[in-house]
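So this one's structure_7.cif, mmCIF, C-alpha atoms:
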data_structure
loop_
_atom_site.group_PDB
_atom_site.id
_atom_site.type_symbol
_atom_site.label_atom_id
_atom_site.label_comp_id
_atom_site.auth_asym_id
_atom_site.auth_seq_id
_atom_site.Cartn_x
_atom_site.Cartn_y
_atom_site.Cartn_z
ATOM 1 C CA MET L 1 212.702 128.521 53.657
ATOM 2 C CA ARG L 2 211.182 125.091 53.070
ATOM 3 C CA GLY L 3 210.085 125.778 49.532
ATOM 4 C CA GLN L 4 208.984 128.458 47.141
ATOM 5 C CA ASP L 5 207.157 128.629 43.819
ATOM 6 C CA THR L 6 207.483 131.536 41.470
ATOM 7 C CA SER L 7 205.408 132.123 38.363
ATOM 8 C CA GLY L 8 205.715 134.544 35.485
ATOM 9 C CA ASN L 9 205.281 135.016 31.766
ATOM 10 C CA SER L 10 208.986 135.026 30.894
ATOM 11 C CA GLU L 11 210.631 131.622 31.026
ATOM 12 C CA SER L 12 214.196 132.997 30.954
ATOM 13 C CA GLU L 13 213.552 135.600 33.666
ATOM 14 C CA GLY L 14 211.775 132.992 35.770
ATOM 15 C CA GLN L 15 214.679 130.578 35.603
ATOM 16 C CA GLU L 16 217.094 133.392 36.420
ATOM 17 C CA ALA L 17 214.989 134.240 39.497
ATOM 18 C CA VAL L 18 215.174 130.574 40.521
ATOM 19 C CA ARG L 19 218.955 130.560 40.147
ATOM 20 C CA LYS L 20 219.428 133.726 42.206
ATOM 21 C CA THR L 21 217.076 132.556 44.945
ATOM 22 C CA GLN L 22 218.851 129.216 45.181
ATOM 23 C CA GLU L 23 222.187 131.011 45.502
ATOM 24 C CA GLU L 24 220.870 133.265 48.251
ATOM 25 C CA THR L 25 219.025 130.619 50.276
ATOM 26 C CA LEU L 26 221.295 127.624 49.611
ATOM 27 C CA THR L 27 218.834 125.191 51.191
ATOM 28 C CA GLY L 28 215.655 126.580 49.645
ATOM 29 C CA LYS L 29 213.675 124.547 47.128
ATOM 30 C CA VAL L 30 212.563 126.874 44.351
ATOM 31 C CA GLU L 31 210.512 126.118 41.242
ATOM 32 C CA PHE L 32 209.307 128.195 38.315
ATOM 33 C CA LEU L 33 205.896 127.705 36.729
ATOM 34 C CA TYR L 34 204.977 129.589 33.577
ATOM 35 C CA CYS L 35 201.791 131.679 33.635
ATOM 36 C CA ASP L 36 200.666 134.338 31.160
ATOM 37 C CA LEU L 37 198.196 136.588 32.981
ATOM 38 C CA ALA L 38 196.945 137.891 29.631
ATOM 39 C CA SER L 39 195.610 134.433 28.750
ATOM 40 C CA MET L 40 192.703 132.769 30.526
ATOM 41 C CA LYS L 41 193.850 129.423 29.066
ATOM 42 C CA SER L 42 197.373 129.869 30.422
ATOM 43 C CA ILE L 43 196.034 130.782 33.865
ATOM 44 C CA ARG L 44 193.870 127.659 34.003
ATOM 45 C CA GLN L 45 196.778 125.479 32.844
ATOM 46 C CA PHE L 46 199.022 127.020 35.485
ATOM 47 C CA VAL L 47 196.487 126.294 38.222
ATOM 48 C CA GLN L 48 196.224 122.667 37.060
ATOM 49 C CA ARG L 49 200.005 122.254 37.192
ATOM 50 C CA PHE L 50 200.191 123.868 40.609
ATOM 51 C CA ARG L 51 197.386 121.714 41.975
ATOM 52 C CA ALA L 52 199.178 118.605 40.727
ATOM 53 C CA LYS L 53 202.070 119.387 43.066
ATOM 54 C CA ASN L 54 199.693 118.918 46.019
ATOM 55 C CA CYS L 55 201.468 121.470 48.168
ATOM 56 C CA PRO L 56 200.004 124.168 50.440
ATOM 57 C CA LEU L 57 199.602 127.765 49.293
ATOM 58 C CA HIS L 58 200.228 130.293 52.036
ATOM 59 C CA VAL L 59 200.934 133.470 50.063
ATOM 60 C CA LEU L 60 199.713 134.708 46.680
ATOM 61 C CA VAL L 61 201.180 137.965 45.336
ATOM 62 C CA ASN L 62 199.378 139.409 42.307
ATOM 63 C CA ASN L 63 202.049 141.550 40.713
ATOM 64 C CA ALA L 64 201.850 141.341 36.893
ATOM 65 C CA GLY L 65 201.042 144.397 34.854
ATOM 66 C CA VAL L 66 201.359 146.596 31.779
ATOM 67 C CA MET L 67 201.165 150.372 31.686
ATOM 68 C CA LEU L 68 200.131 152.893 29.041
ATOM 69 C CA VAL L 69 200.191 150.385 26.191
ATOM 70 C CA PRO L 70 198.592 151.356 22.858
ATOM 71 C CA GLU L 71 195.058 150.100 22.305
ATOM 72 C CA ARG L 72 195.188 146.344 21.827
ATOM 73 C CA LYS L 73 193.494 143.196 23.075
ATOM 74 C CA THR L 74 194.507 140.014 24.850
ATOM 75 C CA GLU L 75 193.946 136.666 23.128
ATOM 76 C CA ASP L 76 190.569 136.499 24.879
ATOM 77 C CA GLY L 77 189.494 139.831 23.396
ATOM 78 C CA PHE L 78 189.879 141.959 26.532
ATOM 79 C CA GLU L 79 191.410 145.425 26.510
ATOM 80 C CA GLU L 80 194.970 144.702 27.616
ATOM 81 C CA HIS L 81 195.167 146.849 30.763
ATOM 82 C CA PHE L 82 191.882 145.507 32.094
ATOM 83 C CA GLY L 83 192.479 141.951 30.881
ATOM 84 C CA LEU L 84 196.021 141.502 32.160
ATOM 85 C CA ASN L 85 196.259 143.872 35.128
ATOM 86 C CA TYR L 86 192.858 143.024 36.562
ATOM 87 C CA LEU L 87 190.949 140.091 35.043
ATOM 88 C CA GLY L 88 194.003 137.827 34.977
ATOM 89 C CA HIS L 89 194.532 138.339 38.698
ATOM 90 C CA PHE L 90 190.815 138.037 39.397
ATOM 91 C CA LEU L 91 190.636 134.621 37.722
ATOM 92 C CA LEU L 92 193.922 133.358 39.164
ATOM 93 C CA THR L 93 192.933 134.321 42.707
ATOM 94 C CA ASN L 94 189.505 132.717 42.444
ATOM 95 C CA LEU L 95 190.899 129.471 41.020
ATOM 96 C CA LEU L 96 193.448 129.247 43.848
ATOM 97 C CA LEU L 97 191.105 130.378 46.617
ATOM 98 C CA ASP L 98 190.184 126.917 47.868
ATOM 99 C CA MET L 99 193.872 126.021 48.240
ATOM 100 C CA LEU L 100 194.515 129.218 50.171
ATOM 101 C CA LYS L 101 191.570 128.463 52.454
ATOM 102 C CA GLN L 102 192.881 124.940 53.083
ATOM 103 C CA SER L 103 196.348 126.274 53.897
ATOM 104 C CA GLY L 104 195.332 129.046 56.283
ATOM 105 C CA THR L 105 194.848 128.439 59.995
ATOM 106 C CA HIS L 106 193.472 130.484 62.873
ATOM 107 C CA SER L 107 196.973 131.470 64.011
ATOM 108 C CA HIS L 108 198.561 131.705 60.542
ATOM 109 C CA ASN L 109 196.232 133.066 57.897
ATOM 110 C CA ALA L 110 197.032 132.545 54.243
ATOM 111 C CA ARG L 111 197.607 135.906 52.576
ATOM 112 C CA ILE L 112 196.657 137.462 49.239
ATOM 113 C CA ILE L 113 198.579 140.582 48.259
ATOM 114 C CA THR L 114 197.536 142.511 45.158
ATOM 115 C CA VAL L 115 199.708 145.286 43.736
ATOM 116 C CA SER L 116 197.799 148.380 42.638
ATOM 117 C CA SER L 117 199.071 151.938 42.176
ATOM 118 C CA ALA L 118 198.502 155.497 43.332
ATOM 119 C CA THR L 119 197.076 155.963 39.836
ATOM 120 C CA HIS L 120 193.877 154.364 41.153
ATOM 121 C CA TYR L 121 193.119 157.664 42.921
ATOM 122 C CA VAL L 122 192.313 159.257 39.551
ATOM 123 C CA GLY L 123 190.755 156.132 38.056
ATOM 124 C CA LYS L 124 187.111 155.852 37.037
ATOM 125 C CA LEU L 125 185.322 152.535 36.699
ATOM 126 C CA HIS L 126 183.086 152.467 33.632
ATOM 127 C CA LEU L 127 180.879 149.458 34.292
ATOM 128 C CA ASN L 128 179.132 149.925 30.969
ATOM 129 C CA ASP L 129 182.426 150.114 29.080
ATOM 130 C CA LEU L 130 185.081 148.195 31.019
ATOM 131 C CA GLN L 131 186.885 147.454 27.729
ATOM 132 C CA SER L 132 187.282 151.184 26.909
ATOM 133 C CA ARG L 133 185.667 150.655 23.505
ATOM 134 C CA CYS L 134 183.869 154.003 23.380
ATOM 135 C CA SER L 135 186.897 156.174 24.013
ATOM 136 C CA TYR L 136 190.341 154.658 24.557
ATOM 137 C CA SER L 137 192.933 156.441 26.663
ATOM 138 C CA PRO L 138 196.065 154.574 27.826
ATOM 139 C CA HIS L 139 196.105 156.609 31.030
ATOM 140 C CA GLY L 140 192.396 156.103 31.671
ATOM 141 C CA ALA L 141 192.525 152.371 30.949
ATOM 142 C CA TYR L 142 195.542 151.892 33.210
ATOM 143 C CA ALA L 143 193.998 153.880 36.064
ATOM 144 C CA GLN L 144 190.733 151.953 35.733
ATOM 145 C CA SER L 145 192.540 148.611 35.978
ATOM 146 C CA LYS L 146 194.323 149.735 39.143
ATOM 147 C CA LEU L 147 191.099 150.985 40.719
ATOM 148 C CA ALA L 148 189.450 147.668 39.856
ATOM 149 C CA LEU L 149 192.181 145.855 41.805
ATOM 150 C CA VAL L 150 191.410 147.879 44.933
ATOM 151 C CA LEU L 151 187.650 147.308 44.609
ATOM 152 C CA PHE L 152 188.316 143.599 44.043
ATOM 153 C CA THR L 153 190.501 143.331 47.140
ATOM 154 C CA TYR L 154 187.929 144.956 49.409
ATOM 155 C CA ARG L 155 185.101 142.772 48.086
ATOM 156 C CA LEU L 156 187.271 139.666 48.375
ATOM 157 C CA GLN L 157 188.074 140.428 52.008
ATOM 158 C CA HIS L 158 184.375 140.948 52.728
ATOM 159 C CA LEU L 159 183.584 137.517 51.269
ATOM 160 C CA LEU L 160 186.448 135.834 53.121
ATOM 161 C CA THR L 161 185.294 137.316 56.425
ATOM 162 C CA ALA L 162 181.668 136.344 55.775
ATOM 163 C CA ASN L 163 182.754 132.751 55.135
ATOM 164 C CA GLY L 164 184.984 132.598 58.214
ATOM 165 C CA SER L 165 188.010 131.809 56.061
ATOM 166 C CA HIS L 166 191.530 132.001 57.468
ATOM 167 C CA VAL L 167 192.697 134.076 54.523
ATOM 168 C CA THR L 168 193.373 137.812 54.317
ATOM 169 C CA ALA L 169 193.438 140.047 51.248
ATOM 170 C CA ASN L 170 195.308 143.343 51.099
ATOM 171 C CA VAL L 171 196.284 145.765 48.367
ATOM 172 C CA VAL L 172 199.669 147.461 48.000
ATOM 173 C CA ASP L 173 200.921 150.663 46.404
ATOM 174 C CA PRO L 174 204.625 150.055 45.630
ATOM 175 C CA GLY L 175 205.335 153.691 44.791
ATOM 176 C CA VAL L 176 207.175 154.877 41.678
ATOM 177 C CA VAL L 177 209.626 152.105 40.859
ATOM 178 C CA ASN L 178 212.404 152.092 38.258
ATOM 179 C CA THR L 179 211.339 149.118 36.116
ATOM 180 C CA GLU L 180 210.576 148.277 32.476
ATOM 181 C CA LEU L 181 206.939 149.177 33.125
ATOM 182 C CA TYR L 182 207.630 152.636 31.677
ATOM 183 C CA LYS L 183 208.701 151.460 28.215
ATOM 184 C CA HIS L 184 205.470 152.712 26.601
ATOM 185 C CA VAL L 185 205.630 156.297 27.882
ATOM 186 C CA PHE L 186 206.584 159.186 25.582
ATOM 187 C CA TRP L 187 210.297 159.571 24.793
ATOM 188 C CA VAL L 188 210.454 162.882 26.690
ATOM 189 C CA VAL L 189 209.233 161.097 29.824
ATOM 190 C CA LYS L 190 211.769 158.322 29.235
ATOM 191 C CA VAL L 191 214.595 160.858 29.091
ATOM 192 C CA ALA L 192 213.351 162.564 32.254
ATOM 193 C CA LYS L 193 213.065 159.191 33.956
ATOM 194 C CA TRP L 194 216.628 158.273 32.932
ATOM 195 C CA MET L 195 217.957 161.554 34.316
ATOM 196 C CA THR L 196 216.038 161.534 37.610
ATOM 197 C CA ALA L 197 215.487 157.843 38.434
ATOM 198 C CA TRP L 198 218.316 157.823 40.968
ATOM 199 C CA LEU L 199 216.657 160.666 42.862
ATOM 200 C CA PHE L 200 212.897 160.095 42.613
ATOM 201 C CA PHE L 201 212.407 156.428 41.700
ATOM 202 C CA LYS L 202 212.549 153.453 44.022
ATOM 203 C CA THR L 203 214.721 150.486 43.133
ATOM 204 C CA PRO L 204 212.847 147.236 42.401
ATOM 205 C CA GLU L 205 213.955 145.992 45.820
ATOM 206 C CA GLU L 206 212.537 149.086 47.528
ATOM 207 C CA GLY L 207 209.360 148.809 45.471
ATOM 208 C CA ALA L 208 208.871 145.221 46.633
ATOM 209 C CA SER L 209 209.289 146.022 50.320
ATOM 210 C CA THR L 210 205.624 146.749 51.066
ATOM 211 C CA SER L 211 204.466 143.589 49.279
ATOM 212 C CA ILE L 212 206.953 141.586 51.334
ATOM 213 C CA TYR L 213 205.753 143.345 54.479
ATOM 214 C CA ALA L 214 202.151 142.409 53.675
ATOM 215 C CA ALA L 215 203.175 138.823 52.936
ATOM 216 C CA VAL L 216 205.276 138.007 56.009
ATOM 217 C CA SER L 217 205.020 140.673 58.707
ATOM 218 C CA PRO L 218 203.572 139.456 62.030
ATOM 219 C CA GLU L 219 201.903 142.876 62.288
ATOM 220 C CA MET L 220 199.676 141.951 59.341
ATOM 221 C CA GLU L 221 198.549 138.615 60.786
ATOM 222 C CA GLY L 222 194.771 138.483 60.595
ATOM 223 C CA ALA L 223 194.537 141.961 59.054
ATOM 224 C CA GLY L 224 192.689 142.212 55.757
ATOM 225 C CA GLY L 225 191.069 144.810 53.546
ATOM 226 C CA CYS L 226 193.954 147.243 53.977
ATOM 227 C CA TYR L 227 195.577 149.620 51.493
ATOM 228 C CA LEU L 228 199.308 149.732 52.210
ATOM 229 C CA TYR L 229 201.955 152.249 51.181
ATOM 230 C CA ASN L 230 205.511 152.350 52.533
ATOM 231 C CA GLU L 231 204.598 149.498 54.890
ATOM 232 C CA GLU L 232 201.807 151.529 56.485
ATOM 233 C CA ARG L 233 198.033 151.351 56.246
ATOM 234 C CA THR L 234 196.592 154.343 54.464
ATOM 235 C CA LYS L 235 193.355 155.471 52.833
ATOM 236 C CA SER L 236 192.556 154.554 49.268
ATOM 237 C CA ALA L 237 190.308 156.527 46.918
ATOM 238 C CA ASP L 238 186.842 157.192 48.330
ATOM 239 C CA VAL L 239 185.132 155.400 45.444
ATOM 240 C CA ALA L 240 186.990 152.181 46.296
ATOM 241 C CA TYR L 241 184.877 151.868 49.479
ATOM 242 C CA ASP L 242 181.622 151.855 47.505
ATOM 243 C CA GLU L 243 180.264 148.399 48.394
ATOM 244 C CA GLU L 244 177.649 148.420 45.646
ATOM 245 C CA LEU L 245 180.337 149.154 43.066
ATOM 246 C CA GLN L 246 182.469 146.383 44.535
ATOM 247 C CA ARG L 247 179.591 143.911 44.191
ATOM 248 C CA ARG L 248 178.718 144.935 40.643
ATOM 249 C CA LEU L 249 182.332 144.729 39.482
ATOM 250 C CA TRP L 250 182.708 141.273 41.063
ATOM 251 C CA THR L 251 179.555 139.962 39.370
ATOM 252 C CA GLU L 252 180.564 141.360 35.986
ATOM 253 C CA SER L 253 184.095 139.984 36.374
ATOM 254 C CA CYS L 254 182.767 136.492 37.037
ATOM 255 C CA LYS L 255 180.786 136.668 33.801
ATOM 256 C CA MET L 256 183.793 137.897 31.835
ATOM 257 C CA VAL L 257 186.170 135.131 32.973
ATOM 258 C CA GLY L 258 183.526 132.396 32.976
ATOM 259 C CA ILE L 259 183.260 131.385 36.618
ATOM 260 C CA SER L 260 180.196 131.119 38.844
ATOM 261 C CA ASP L 261 179.430 134.027 41.145
ATOM 262 C CA GLU L 262 179.362 132.414 44.566
ATOM 263 C CA SER L 263 179.199 135.846 46.184
ATOM 264 C CA SER L 264 175.564 136.351 45.217
ATOM 265 C CA ARG L 265 174.506 134.738 48.509
ATOM 266 C CA VAL L 266 176.579 137.188 50.558
ATOM 267 C CA PRO L 267 175.170 140.673 51.255
#
Would you kindly transcribe this structure into structure tokens?
Amino acid sequence: MRGQDTSGNSESEGQEAVRKTQEETLTGKVEFLYCDLASMKSIRQFVQRFRAKNCPLHVLVNNAGVMLVPERKTEDGFEEHFGLNYLGHFLLTNLLLDMLKQSGTHSHNARIITVSSATHYVGKLHLNDLQSRCSYSPHGAYAQSKLALVLFTYRLQHLLTANGSHVTANVVDPGVVNTELYKHVFWVVKVAKWMTAWLFFKTPEEGASTSIYAAVSPEMEGAGGCYLYNEERTKSADVAYDEELQRRLWTESCKMVGISDESSRVP
């Protein structure tokens, strides 16, 4: 490993990840850069700091998230599930896209991996109420954010292909993983989780396996627009293949995060 950058919104956890990676690789150069995906300002500052390093970007894994949080907003006024889980990744990916394009080659494409969830299968995208202002449901807001990530990935791959870019975009379902993501569920669910995690839940390492597969496997070279589960390509929700919905979500997302919609010239 010649070098690796890791970003996150917890300074202490980030530095601990650096320490562990250095111990495991011995010769690897590892750095931590702070980025709060719930803040558009933090994302832009992170991108500036990363650009200043003037290094290539071969793999981007969009993996931040919250689940079933009570109704609240990010500092930019977005509903937290949609703002952090989806819009944060949408902005980060778009701001780093030119670097990914510069780093990818015909034989070694740069790769974008976005972590969604099986919850997207029951998600509904409310284009007229993406912030869930009319009727807030933690489950509905979470599912919508995960569906948006799948729609985003498919539209992104369409645009990358249309532009002849050596970059692929895929979306991953990690499965049910035993992490702190479940801290906002009801106490009865927490107890059940504690009692059955060893049997039904994946470890964080097992949950990361499909993302790692998408990021480094030779089998995924040049393959984009895939939904992956247990390191295999599978079918996502039918609505995720709606190209008109993909386009409309992309256009609206550009407006929300304040970037130009370059996709308008692509059918």
message = One decimal, in Å: what's the spacing between atom CA of L:Cys226 and atom CA of L:Ile43?
response =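 Answer for the atom CA of L:Cys226 to atom CA of L:Ile43 separation: 26.1 Å.
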Contacts of L:Lys101 at 12 Å (only C-alpha atoms; same-chain gap of 5+ positions) as a count of residues only: 24
Could you give me, as a PyMOL selection string, the residues within 9 Å of L:Val122, counting only C-alpha atoms and dropping anything in the same chain fewer than 3 positions from it?
chain L and resi 118-119+140+143-144+147+237
Would you tabulate, counting all atoms listed in the file, all residues of stretch 193-259 of chain L that have an atom at most 10 Å from an atom of stretch 71-92 of chain L, showing the closest pair of atoms and their distance in Å to one decimal, sorted by chain then ascending number, as CSV?
residue,atom,partner,partner_atom,distance
L:Trp250,CA,L:Phe90,CA,8.9
L:Ser253,CA,L:Leu87,CA,7.0
L:Cys254,CA,L:Leu91,CA,8.1
L:Met256,CA,L:Leu87,CA,8.1
L:Val257,CA,L:Leu91,CA,6.5
L:Gly258,CA,L:Leu91,CA,8.8
L:Ile259,CA,L:Leu91,CA,8.1
Residue selection dump (C-alpha atoms) as a CSV table (one decimal), in the coordinates of the input:
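Writing done, so here's again_36.csv:
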chain,number,residue,atom,x,y,z
L,250,TRP,CA,182.7,141.3,41.1
L,253,SER,CA,184.1,140.0,36.4
L,254,CYS,CA,182.8,136.5,37.0
L,256,MET,CA,183.8,137.9,31.8
L,257,VAL,CA,186.2,135.1,33.0
L,258,GLY,CA,183.5,132.4,33.0
L,259,ILE,CA,183.3,131.4,36.6
(Q) Evaluated on this file, the PyMOL selection byres ((chain L and resi 205-215) around 8) picks out some residues - which ones are they, written as a ChimeraX atom specification? (A) /L:59,61,111-113,115,170,172-177,202-204,216-217,220,228-231
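Relative to atom CA of L:Lys53, atom CA of L:Leu159 is found at 27.2 Å.
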Which of L:Leu97, L:Met67, L:Leu33, L:Ala240 sits closest to L:Ala141 [using only C-alpha atoms]:
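For L:Ala141, the nearest of the candidates is L:Met67.
For the pair atom CA of L:Ser116 and atom CA of L:Val66, the separation is 11.6 Å.
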Applying 12 Å and all atoms listed in the file, which residues near L:Glu244 remain after dropping the ones on its own chain fewer than 5 positions away? List them as an NGL selection string. :L and (127 or 151-152 or 154-155 or 239 or 249-251 or 267)
Compare L:Arg49, L:Cys35, L:Arg247, L:Val150 by their minimum atom-to-atom distance to L:Lys235, counting only C-alpha atoms, and give me the closest one.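 Of L:Arg49, L:Cys35, L:Arg247, L:Val150, the one nearest L:Lys235, counting only C-alpha atoms, is L:Val150.
The closest residue to L:Val47, picked from L:Tyr34, L:Ser135, L:Arg248, L:Val69 and counting only C-alpha atoms, is L:Tyr34.
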